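Before any comments, here is the structure.
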Amino acid sequence: MSEGVAPSHPTAPSAGNVFGDGAVTAGSLIAAGTDLAAESARFAGLGWMPGTAGNLSVTLARGPLRVAVTASGLDKGELTATDIVLVDENGEWVPDDVGADDSRLTAELGLATRPSAEAGLHARIAAVTGAGAVIHVHALAAVRAGAAWPEGVLLHDLEMLKGIGHSAHGERVVIPVVQNHQDMRVLGDDFARVYIPRTASVAEVPALIVASHGIYAWGADLKQARWHLELTEALLQIALATR
């Protein structure tokens, strides 16, 4: 692996993430919120999350699925540890009156109750891929590449493909592209249709371009999701510059 290329894992992500596989706790929520705020500030600083745009999530439990996602309508460069919403498999806030143990944590911690509009797609990606974290930003190269190659962006013979778990030479990797839609159920179905999962010998493709909108990337945890996002955006920049 060349210097500067982040390592990736050719195997599927673990069942959870760095915050553990057990029940949702106050500690796991605050830890998730702290890391989500830090990552949001990072991407806001890059200009990839202007204003309130973009969202990030961490998977906290899988039986049932529980995801901590950044709250709606907030400046992504100024989030705090409690600017997150606990959502279910549909991306809906888990209200305090449903009777589940984790539902009381929103009131106890003072968490937000209005998730990002795209929380449903975060939950769908977590369910389908087994990801521990999902990042959605509005990076320019992804939008340009989606417009240039609406059927998918073909990448090959590029060293940084190693960073998303693929071979630098002799392998053709396609970053899927779907059309944007305001209904997250429709967008989730489109994602599931084009998702390229891992096989016994080849890693998954851990990214999705939403045309005229932005890019989603995921990984076993936030760090790996960040690597996948940054490397995919760099690969797309190269593809655009050399076409």
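In the structure tokens, the first chain shown is A, the next is B, and so on; residue numbers restart at 1 for each chain, and ligands run from 1 in the order shown.
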
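The residue set within 7 Å of Leu36 of chain A, counting only C-alpha atoms and dropping same-chain residues fewer than 4 places from it, reads A:Ala32, A:Ser40, A:Leu56.
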
I'd like to know which residues of segment 13-231 of chain A are helix (DSSP H, G or I) (by DSSP, run on the backbone); could you write them as a ChimeraX atom specification? /A:26-45,101-109,119-129,140-148,159-164,184-194,222-231

ask   = Near Leu231 of chain A, counting only C-alpha atoms, which residues have an atom at most 8 Å away, once you skip same-chain residues fewer than 6 positions from it, shown as a ChimeraX atom specification?
value = /A:160-161,163-164

Excluding segment 167-183 of chain A and residues on its chain fewer than 6 positions from it, collect all residues at most 6 Å away from it, counting only C-alpha atoms, and give them as number ranges by chain. A: 150, 152-159, 161, 208-211

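Every protein or nucleic acid residue with an atom no more than 9 Å from Leu240 of chain A, counting only C-alpha atoms and leaving out same-chain residues fewer than 3 positions away, appears here: Ala141, Arg144, Ala145, Ala148, Leu235, Leu236, Gln237 and Arg243 of chain A.
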
Give me the residues within 9 Å of Thr113 of chain A as a PDB file with N, CA, C and O atoms, in the first residue's frame, counting only C-alpha atoms and dropping any in the same chain fewer than 3 places off.
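Result file out_15.pdb:
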ATOM      1  N   ALA A  71     -29.065  15.957  14.233  1.00  0.00           N
ATOM      2  CA  ALA A  71     -30.377  16.591  14.238  1.00  0.00           C
ATOM      3  C   ALA A  71     -30.547  17.513  13.039  1.00  0.00           C
ATOM      4  O   ALA A  71     -29.580  17.987  12.441  1.00  0.00           O
ATOM      5  N   SER A  72     -31.785  17.776  12.701  1.00  0.00           N
ATOM      6  CA  SER A  72     -32.123  18.591  11.546  1.00  0.00           C
ATOM      7  C   SER A  72     -31.996  20.080  11.844  1.00  0.00           C
ATOM      8  O   SER A  72     -32.208  20.531  12.977  1.00  0.00           O
ATOM      9  N   ILE A  84     -28.155  15.218  18.565  1.00  0.00           N
ATOM     10  CA  ILE A  84     -28.403  13.974  17.836  1.00  0.00           C
ATOM     11  C   ILE A  84     -29.802  13.485  18.172  1.00  0.00           C
ATOM     12  O   ILE A  84     -30.406  13.876  19.170  1.00  0.00           O
ATOM     13  N   VAL A  85     -30.304  12.609  17.301  1.00  0.00           N
ATOM     14  CA  VAL A  85     -31.626  12.019  17.489  1.00  0.00           C
ATOM     15  C   VAL A  85     -31.478  10.504  17.427  1.00  0.00           C
ATOM     16  O   VAL A  85     -30.784   9.973  16.552  1.00  0.00           O
ATOM     17  N   LEU A  86     -32.123   9.801  18.345  1.00  0.00           N
ATOM     18  CA  LEU A  86     -32.135   8.343  18.326  1.00  0.00           C
ATOM     19  C   LEU A  86     -33.293   7.897  17.447  1.00  0.00           C
ATOM     20  O   LEU A  86     -34.462   8.219  17.727  1.00  0.00           O
ATOM     21  N   VAL A  87     -32.995   7.162  16.359  1.00  0.00           N
ATOM     22  CA  VAL A  87     -34.033   6.758  15.410  1.00  0.00           C
ATOM     23  C   VAL A  87     -34.070   5.248  15.259  1.00  0.00           C
ATOM     24  O   VAL A  87     -33.124   4.537  15.611  1.00  0.00           O
ATOM     25  N   TRP A  93     -37.788   9.120  14.862  1.00  0.00           N
ATOM     26  CA  TRP A  93     -37.415   9.303  16.256  1.00  0.00           C
ATOM     27  C   TRP A  93     -38.081   8.255  17.133  1.00  0.00           C
ATOM     28  O   TRP A  93     -39.266   7.948  16.979  1.00  0.00           O
ATOM     29  N   VAL A  94     -37.310   7.704  18.068  1.00  0.00           N
ATOM     30  CA  VAL A  94     -37.841   6.755  19.034  1.00  0.00           C
ATOM     31  C   VAL A  94     -38.423   7.565  20.188  1.00  0.00           C
ATOM     32  O   VAL A  94     -37.683   8.085  21.031  1.00  0.00           O
ATOM     33  N   PRO A  95     -39.744   7.737  20.251  1.00  0.00           N
ATOM     34  CA  PRO A  95     -40.346   8.621  21.256  1.00  0.00           C
ATOM     35  C   PRO A  95     -40.271   8.044  22.660  1.00  0.00           C
ATOM     36  O   PRO A  95     -40.119   6.842  22.853  1.00  0.00           O
ATOM     37  N   THR A 106     -33.766  10.076  25.554  1.00  0.00           N
ATOM     38  CA  THR A 106     -33.897  11.375  24.897  1.00  0.00           C
ATOM     39  C   THR A 106     -34.199  12.461  25.915  1.00  0.00           C
ATOM     40  O   THR A 106     -33.554  13.519  25.937  1.00  0.00           O
TER      41      THR A 106
END

Using only C-alpha atoms, which protein or nucleic acid residues come within 10 Å of segment 117-119 of chain A? Drop anything in the same chain fewer than 3 positions from it, and give the result as a PDB file with C-alpha atoms, in the first residue's frame.
ATOM      1  CA  GLY A  54     -25.405  16.991   5.253  1.00  0.00           C
ATOM      2  CA  ASN A  55     -25.756  14.486   8.077  1.00  0.00           C
ATOM      3  CA  LEU A  56     -23.899  11.710   9.868  1.00  0.00           C
ATOM      4  CA  SER A  57     -24.958   8.683  11.873  1.00  0.00           C
ATOM      5  CA  VAL A  67     -29.145   4.753  15.020  1.00  0.00           C
ATOM      6  CA  ALA A  68     -27.889   8.075  16.387  1.00  0.00           C
ATOM      7  CA  VAL A  69     -28.179  10.657  13.600  1.00  0.00           C
ATOM      8  CA  THR A  70     -27.380  14.361  13.570  1.00  0.00           C
ATOM      9  CA  ALA A  71     -30.377  16.591  14.238  1.00  0.00           C
ATOM     10  CA  SER A  72     -32.123  18.591  11.546  1.00  0.00           C
ATOM     11  CA  GLY A  73     -31.728  22.306  10.871  1.00  0.00           C
ATOM     12  CA  VAL A  85     -31.626  12.019  17.489  1.00  0.00           C
ATOM     13  CA  LEU A  86     -32.135   8.343  18.326  1.00  0.00           C
ATOM     14  CA  VAL A  87     -34.033   6.758  15.410  1.00  0.00           C
ATOM     15  CA  ASP A  88     -35.375   3.353  14.462  1.00  0.00           C
ATOM     16  CA  GLU A  89     -35.078   1.233  11.310  1.00  0.00           C
ATOM     17  CA  ASN A  90     -37.283   3.699   9.422  1.00  0.00           C
ATOM     18  CA  GLY A  91     -35.309   6.742  10.451  1.00  0.00           C
ATOM     19  CA  GLU A  92     -38.080   7.848  12.821  1.00  0.00           C
ATOM     20  CA  TRP A  93     -37.415   9.303  16.256  1.00  0.00           C
ATOM     21  CA  ARG A 114     -36.225  16.003  14.969  1.00  0.00           C
ATOM     22  CA  HIS A 122     -28.985   6.255   6.948  1.00  0.00           C
ATOM     23  CA  ALA A 123     -31.008   3.548   8.681  1.00  0.00           C
ATOM     24  CA  ARG A 124     -31.518   1.660   5.424  1.00  0.00           C
ATOM     25  CA  ILE A 125     -27.806   1.719   4.627  1.00  0.00           C
ATOM     26  CA  HIS A 136     -23.548  12.156   3.879  1.00  0.00           C
ATOM     27  CA  GLN A 182     -37.626  13.366  -1.400  1.00  0.00           C
ATOM     28  CA  ASP A 183     -39.173  10.085  -0.218  1.00  0.00           C
ATOM     29  CA  MET A 184     -36.479   8.194   1.687  1.00  0.00           C
ATOM     30  CA  ARG A 185     -38.305   4.908   1.149  1.00  0.00           C
ATOM     31  CA  LEU A 187     -34.357   6.429  -2.300  1.00  0.00           C
ATOM     32  CA  GLY A 188     -33.672   3.499   0.035  1.00  0.00           C
TER      33      GLY A 188
END

- Message: Going by DSSP on the backbone, which residues of chain A come out as strand (DSSP E or B)? List them as a ChimeraX atom specification.
- Response: /A:55-62,65-71,84-87,93,115,133-137,153-156,172-175,177-178,207-210,214-219

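Between atom CA of Arg42 of chain A and atom CA of Ala203 of chain A there is a distance of 26.8 Å.
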
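Atom CA of Leu60 of chain A to atom CA of Val143 of chain A spans 29.8 Å [interatomic distance, one decimal].
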
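Shortest atom-to-atom contact with Lys223 of chain A among A:Val58, A:Ala241, A:Met49, A:Ala192: A:Val58, counting only C-alpha atoms.
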
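For the atom pair formed by atom CA of Ala126 of chain A and atom CA of Val186 of chain A, the distance is 16.1 Å, given to one decimal.
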